[in-house]
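Participant: Structure supplied as structure34.csv; contents: CSV, C-alpha atoms.
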```csv
chain,number,residue,atom,x,y,z
Z,22,MET,CA,0.0,0.0,0.0
Z,23,THR,CA,1.1,3.6,-0.6
Z,24,PRO,CA,1.4,5.9,2.4
Z,25,GLN,CA,-1.9,7.6,1.3
Z,26,GLN,CA,-3.7,4.3,1.2
Z,27,GLN,CA,-2.4,3.4,4.6
Z,28,LEU,CA,-3.5,6.7,6.1
Z,29,LYS,CA,-6.9,6.2,4.5
Z,30,THR,CA,-7.2,2.8,6.2
Z,31,LEU,CA,-6.1,4.2,9.6
Z,32,LEU,CA,-8.6,7.0,9.4
Z,33,ALA,CA,-11.4,4.5,8.6
Z,34,LYS,CA,-11.0,3.0,12.1
Z,35,TYR,CA,-12.7,6.1,13.6
Z,36,ASP,CA,-16.3,7.2,13.7
Z,37,LYS,CA,-17.4,9.1,10.6
Z,38,SER,CA,-17.5,12.5,12.3
Z,39,VAL,CA,-14.0,12.2,13.7
Z,40,ALA,CA,-12.5,10.9,10.4
Z,41,THR,CA,-14.3,13.5,8.4
Z,42,THR,CA,-13.0,16.3,10.6
Z,43,ALA,CA,-9.5,14.9,10.5
Z,44,ARG,CA,-9.5,14.6,6.6
Z,45,ARG,CA,-10.7,18.2,6.3
Z,46,VAL,CA,-8.2,19.5,8.8
Z,47,LEU,CA,-5.4,17.6,7.0
Z,48,GLY,CA,-6.5,19.2,3.7
Z,49,LYS,CA,-6.3,22.7,5.3
Z,50,LEU,CA,-3.0,22.1,7.0
Z,51,ARG,CA,-1.5,20.8,3.7
Z,52,LYS,CA,-2.5,24.1,2.0
Z,53,LEU,CA,-1.2,26.2,4.9
Z,54,ILE,CA,2.1,24.2,5.1
Z,55,PRO,CA,2.7,22.9,1.6
Z,56,ALA,CA,6.4,22.1,2.1
Z,57,ALA,CA,5.9,20.0,5.3
Z,58,ILE,CA,6.8,16.4,5.8
Z,59,GLU,CA,3.8,14.7,7.2
Z,60,MET,CA,4.7,11.9,9.6
Z,61,VAL,CA,2.1,9.4,10.7
Z,62,TYR,CA,2.3,7.5,14.1
Z,63,ASP,CA,-0.6,5.2,14.9
Z,64,ASN,CA,0.2,4.9,18.6
Z,65,TYR,CA,-1.4,3.1,21.5
Z,66,ASP,CA,-3.6,6.1,22.5
Z,67,ALA,CA,-4.2,7.9,19.2
Z,68,LEU,CA,-3.5,8.4,15.5
Z,69,VAL,CA,-1.0,11.3,15.4
Z,70,ILE,CA,0.0,13.1,12.2
Z,71,GLY,CA,2.9,15.5,12.6
Z,72,PHE,CA,4.0,18.3,10.3
Z,73,GLY,CA,7.6,19.3,10.2
Z,74,PRO,CA,10.4,20.6,8.0
Z,75,THR,CA,12.2,17.3,8.0
Z,76,GLU,CA,11.4,13.6,8.8
Z,77,ARG,CA,12.8,14.0,12.3
Z,78,ALA,CA,9.9,13.9,14.8
Z,79,SER,CA,11.8,16.2,17.2
Z,80,GLU,CA,11.7,18.9,14.6
Z,81,ALA,CA,7.9,18.7,14.0
Z,82,VAL,CA,6.1,22.0,14.6
Z,83,PHE,CA,2.5,20.8,14.6
Z,84,SER,CA,0.5,17.6,14.9
Z,85,ILE,CA,-3.1,16.5,14.9
Z,86,ALA,CA,-4.2,13.7,17.1
Z,87,LEU,CA,-7.3,11.7,16.6
Z,88,TYR,CA,-9.0,10.3,19.7
Z,89,PRO,CA,-12.3,8.3,19.7
Z,90,ARG,CA,-14.4,11.4,20.2
Z,91,TYR,CA,-12.4,14.4,19.0
Z,92,VAL,CA,-9.4,15.8,17.1
Z,93,THR,CA,-6.8,18.2,18.5
Z,94,LEU,CA,-4.2,20.4,16.9
Z,95,PHE,CA,-1.0,20.5,18.8
Z,96,PHE,CA,1.6,23.2,18.6
Z,97,LEU,CA,4.7,21.2,19.5
Z,98,GLN,CA,6.9,24.2,20.3
Z,99,GLY,CA,3.9,26.2,21.6
Z,100,ALA,CA,4.8,27.0,25.2
Z,101,THR,CA,6.8,30.0,24.1
Z,102,LEU,CA,4.2,31.3,21.6
Z,103,ARG,CA,2.7,34.7,22.4
Z,104,ASP,CA,-1.1,34.0,22.7
Z,105,PRO,CA,-2.8,37.4,23.2
Z,106,HIS,CA,-6.3,35.9,22.5
Z,107,ILE,CA,-5.8,33.0,24.9
Z,108,ARG,CA,-6.6,30.3,22.2
Z,109,LEU,CA,-4.0,27.7,23.3
Z,110,ASP,CA,-4.7,25.2,26.0
Z,111,GLY,CA,-2.2,23.5,28.1
Z,112,SER,CA,0.4,24.3,30.8
Z,113,GLY,CA,3.3,22.0,30.0
Z,114,ASN,CA,6.9,23.2,29.3
Z,115,VAL,CA,6.7,22.6,25.6
Z,116,VAL,CA,3.3,21.8,23.9
Z,117,ARG,CA,0.1,23.7,23.6
Z,118,GLN,CA,-3.1,22.6,21.9
Z,119,VAL,CA,-6.3,23.8,20.3
Z,120,PRO,CA,-9.4,21.5,20.3
Z,121,LEU,CA,-10.8,21.1,16.8
Z,122,GLU,CA,-14.6,21.0,16.8
Z,123,SER,CA,-14.5,21.1,13.1
Z,124,GLU,CA,-12.1,22.1,10.3
Z,125,LYS,CA,-13.5,25.6,10.5
Z,126,THR,CA,-11.4,26.3,13.5
Z,127,LEU,CA,-8.5,26.6,11.0
Z,128,ASP,CA,-10.3,29.4,9.3
Z,129,ASP,CA,-10.1,31.6,12.5
Z,130,PRO,CA,-7.7,34.4,11.9
Z,131,GLN,CA,-6.3,34.1,15.5
Z,132,ILE,CA,-5.5,30.4,14.9
Z,133,ILE,CA,-4.0,31.2,11.4
Z,134,GLU,CA,-1.8,33.8,13.1
Z,135,LEU,CA,-0.6,31.3,15.7
Z,136,ILE,CA,0.2,28.8,13.0
Z,137,ASN,CA,2.2,31.4,11.0
Z,138,VAL,CA,4.1,32.5,14.0
Z,139,ALA,CA,4.9,29.0,15.0
Z,140,MET,CA,6.1,28.1,11.5
Z,141,HIS,CA,8.4,31.2,11.5
Z,142,ARG,CA,9.8,30.5,15.0
Z,143,ALA,CA,10.4,26.8,14.4
Z,144,LYS,CA,13.7,25.4,15.5
Z,145,VAL,CA,14.3,24.2,11.9
Z,146,SER,CA,13.0,26.3,9.0
Z,147,PHE,CA,10.6,25.0,6.5
Z,148,PRO,CA,12.0,25.0,3.0
Z,149,LEU,CA,10.6,27.6,0.6
Z,150,LYS,CA,10.0,25.1,-2.2
Z,151,ARG,CA,9.4,21.4,-1.8
Z,152,SER,CA,6.5,19.1,-2.5
Z,153,HIS,CA,4.4,17.6,0.3
Z,154,LYS,CA,5.6,14.2,1.5
Z,155,LEU,CA,3.6,11.6,3.6
Z,156,VAL,CA,5.6,9.1,5.6
Z,157,ILE,CA,4.2,6.3,7.8
Z,158,LYS,CA,6.6,6.2,10.7
Z,159,SER,CA,5.0,3.6,13.0
Z,160,ILE,CA,1.9,1.5,13.6
Z,161,SER,CA,1.5,0.0,17.1
Z,162,VAL,CA,0.2,-3.5,17.2
Z,163,LYS,CA,-1.5,-2.9,20.6
Z,164,GLN,CA,-4.0,0.0,20.6
Z,165,ARG,CA,-6.9,1.4,22.5
Z,166,PRO,CA,-10.3,1.3,20.7
Z,167,ARG,CA,-10.6,3.9,18.0
Z,168,LYS,CA,-14.3,4.3,18.4
Z,169,PRO,CA,-16.1,5.4,21.6
Z,170,SER,CA,-17.5,2.6,23.6
Z,171,PRO,CA,-21.3,2.2,23.4
Z,172,ASN,CA,-21.7,2.9,27.1
Z,173,GLY,CA,-20.2,6.3,26.7
Z,174,LYS,CA,-16.9,5.8,28.5
```
What do you get writing this file as structure tokens?
Facilitator:
Amino acid sequence: MTPQQQLKTLLAKYDKSVATTARRVLGKLRKLIPAAIEMVYDNYDALVIGFGPTERASEAVFSIALYPRYVTLFFLQGATLRDPHIRLDGSGNVVRQVPLESEKTLDDPQIIELINVAMHRAKVSFPLKRSHKLVIKSISVKQRPRKPSPNGK
């Protein structure tokens, strides 16, 4: 399978609403960051898709994570971002996040501004010209369920 086919299969494990939001968010991020290397990690807890200037996970600037009920955008170097509109959640030393109720969150000028600032402040610069690349980095054998349990837990 191609990486695109593998990602499609991984997304299909989620409820339709979560998978649809994730596909739309990915489309918007690919337009906002066309030179990014997209790295896929299907971990124990979540499907994580990172965006960075290289294939090194430590240099990724953003990621989205799919959980059974929602999708989140992570700013992987976000703790030092100036956030005058208080849009970023989290209190750790490195990462901040924005819950994505829908792909429309990425149309918000405040979020676009945070994305642009994060890209320009990245530890490693994004190349000016390069085609998008999708890389499947890992798929864990053991995983939590990808769909919410019927009893709501």
Participant: Tell me, in Å to one decimal, how far CA of Leu87 in chain Z is from CA of Leu50 in chain Z.
Facilitator: 14.8 Å
Participant: Against range 122-145 of chain Z, which residues of range 46-116 of chain Z fall within 12 Å? For each one I want the closest pair of atoms and the distance in Å (one decimal), counting all atoms listed in the file, rows by chain and increasing residue number, as JSON lines.
Facilitator:
```
{"residue": "Z:Val46", "atom": "CA", "partner": "Z:Glu124", "partner_atom": "CA", "distance": 4.9}
{"residue": "Z:Leu47", "atom": "CA", "partner": "Z:Glu124", "partner_atom": "CA", "distance": 8.7}
{"residue": "Z:Gly48", "atom": "CA", "partner": "Z:Glu124", "partner_atom": "CA", "distance": 9.1}
{"residue": "Z:Lys49", "atom": "CA", "partner": "Z:Leu127", "partner_atom": "CA", "distance": 7.2}
{"residue": "Z:Leu50", "atom": "CA", "partner": "Z:Leu127", "partner_atom": "CA", "distance": 8.2}
{"residue": "Z:Arg51", "atom": "CA", "partner": "Z:Leu127", "partner_atom": "CA", "distance": 11.7}
{"residue": "Z:Lys52", "atom": "CA", "partner": "Z:Leu127", "partner_atom": "CA", "distance": 11.1}
{"residue": "Z:Leu53", "atom": "CA", "partner": "Z:Ile136", "partner_atom": "CA", "distance": 8.6}
{"residue": "Z:Ile54", "atom": "CA", "partner": "Z:Met140", "partner_atom": "CA", "distance": 8.5}
{"residue": "Z:Pro55", "atom": "CA", "partner": "Z:Met140", "partner_atom": "CA", "distance": 11.7}
{"residue": "Z:Ala56", "atom": "CA", "partner": "Z:Met140", "partner_atom": "CA", "distance": 11.2}
{"residue": "Z:Ala57", "atom": "CA", "partner": "Z:Met140", "partner_atom": "CA", "distance": 10.2}
{"residue": "Z:Phe72", "atom": "CA", "partner": "Z:Met140", "partner_atom": "CA", "distance": 10.1}
{"residue": "Z:Gly73", "atom": "CA", "partner": "Z:Val145", "partner_atom": "CA", "distance": 8.5}
{"residue": "Z:Pro74", "atom": "CA", "partner": "Z:Val145", "partner_atom": "CA", "distance": 6.6}
{"residue": "Z:Thr75", "atom": "CA", "partner": "Z:Val145", "partner_atom": "CA", "distance": 8.2}
{"residue": "Z:Glu76", "atom": "CA", "partner": "Z:Val145", "partner_atom": "CA", "distance": 11.4}
{"residue": "Z:Arg77", "atom": "CA", "partner": "Z:Val145", "partner_atom": "CA", "distance": 10.3}
{"residue": "Z:Ala78", "atom": "CA", "partner": "Z:Val145", "partner_atom": "CA", "distance": 11.6}
{"residue": "Z:Ser79", "atom": "CA", "partner": "Z:Lys144", "partner_atom": "CA", "distance": 9.5}
{"residue": "Z:Glu80", "atom": "CA", "partner": "Z:Val145", "partner_atom": "CA", "distance": 6.5}
{"residue": "Z:Ala81", "atom": "CA", "partner": "Z:Ala143", "partner_atom": "CA", "distance": 8.5}
{"residue": "Z:Val82", "atom": "CA", "partner": "Z:Ala143", "partner_atom": "CA", "distance": 6.4}
{"residue": "Z:Phe83", "atom": "CA", "partner": "Z:Ile136", "partner_atom": "CA", "distance": 8.5}
{"residue": "Z:Ser84", "atom": "CA", "partner": "Z:Ile136", "partner_atom": "CA", "distance": 11.4}
{"residue": "Z:Ile85", "atom": "CA", "partner": "Z:Glu124", "partner_atom": "CA", "distance": 11.6}
{"residue": "Z:Leu87", "atom": "CA", "partner": "Z:Glu122", "partner_atom": "CA", "distance": 11.8}
{"residue": "Z:Arg90", "atom": "CA", "partner": "Z:Glu122", "partner_atom": "CA", "distance": 10.2}
{"residue": "Z:Tyr91", "atom": "CA", "partner": "Z:Glu122", "partner_atom": "CA", "distance": 7.3}
{"residue": "Z:Val92", "atom": "CA", "partner": "Z:Glu122", "partner_atom": "CA", "distance": 7.4}
{"residue": "Z:Thr93", "atom": "CA", "partner": "Z:Glu122", "partner_atom": "CA", "distance": 8.5}
{"residue": "Z:Leu94", "atom": "CA", "partner": "Z:Leu127", "partner_atom": "CA", "distance": 9.6}
{"residue": "Z:Phe95", "atom": "CA", "partner": "Z:Ile136", "partner_atom": "CA", "distance": 10.2}
{"residue": "Z:Phe96", "atom": "CA", "partner": "Z:Ala139", "partner_atom": "CA", "distance": 7.6}
{"residue": "Z:Leu97", "atom": "CA", "partner": "Z:Ala139", "partner_atom": "CA", "distance": 9.0}
{"residue": "Z:Gln98", "atom": "CA", "partner": "Z:Ala143", "partner_atom": "CA", "distance": 7.3}
{"residue": "Z:Gly99", "atom": "CA", "partner": "Z:Ala139", "partner_atom": "CA", "distance": 7.2}
{"residue": "Z:Ala100", "atom": "CA", "partner": "Z:Ala139", "partner_atom": "CA", "distance": 10.4}
{"residue": "Z:Thr101", "atom": "CA", "partner": "Z:Ala139", "partner_atom": "CA", "distance": 9.3}
{"residue": "Z:Leu102", "atom": "CA", "partner": "Z:Ala139", "partner_atom": "CA", "distance": 7.0}
{"residue": "Z:Arg103", "atom": "CA", "partner": "Z:Leu135", "partner_atom": "CA", "distance": 8.2}
{"residue": "Z:Asp104", "atom": "CA", "partner": "Z:Leu135", "partner_atom": "CA", "distance": 7.5}
{"residue": "Z:Pro105", "atom": "CA", "partner": "Z:Gln131", "partner_atom": "CA", "distance": 9.1}
{"residue": "Z:His106", "atom": "CA", "partner": "Z:Gln131", "partner_atom": "CA", "distance": 7.2}
{"residue": "Z:Ile107", "atom": "CA", "partner": "Z:Gln131", "partner_atom": "CA", "distance": 9.5}
{"residue": "Z:Arg108", "atom": "CA", "partner": "Z:Ile132", "partner_atom": "CA", "distance": 7.4}
{"residue": "Z:Leu109", "atom": "CA", "partner": "Z:Ile132", "partner_atom": "CA", "distance": 8.9}
{"residue": "Z:Val116", "atom": "CA", "partner": "Z:Ala139", "partner_atom": "CA", "distance": 11.6}
```
Participant: Between CA of Leu31 in chain Z and CA of Lys154 in chain Z, what is the distance, to one decimal in Å?
Facilitator: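 Separation of CA of Leu31 in chain Z and CA of Lys154 in chain Z: 17.4 Å.
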Participant: Grab the CA of Leu28 in chain Z to CA of Arg117 in chain Z distance for me, in Å with one decimal place.
Facilitator: 24.7 Å
Participant: Neighbours of Leu155 in chain Z within 8 Å (all atoms listed in the file; same-chain residues fewer than 5 positions away dropped), as a list in words?
Facilitator: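 The contact residues come out as Pro24, Gln25, Ile58, Glu59, Met60 and Val61 of chain Z.
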Participant: Which residues come within 7 Å of Lys168 in chain Z, counting all atoms listed in the file, excluding same-chain residues fewer than 5 positions away, as a ChimeraX atom specification?
Facilitator: /Z:35-36,89
Participant: Smallest atom-to-atom distance to Ile157 in chain Z: which of Z:Asp63, Z:Val39, Z:Ser170, Z:Arg45, using only C-alpha atoms?
Facilitator: Z:Asp63
Participant: Given the choices Z:Ser161, Z:Thr41, Z:Pro148, Z:Leu32, which gets closest to Ile70 in chain Z if the distance is worked out from all atoms listed in the file?
Facilitator: Z:Leu32
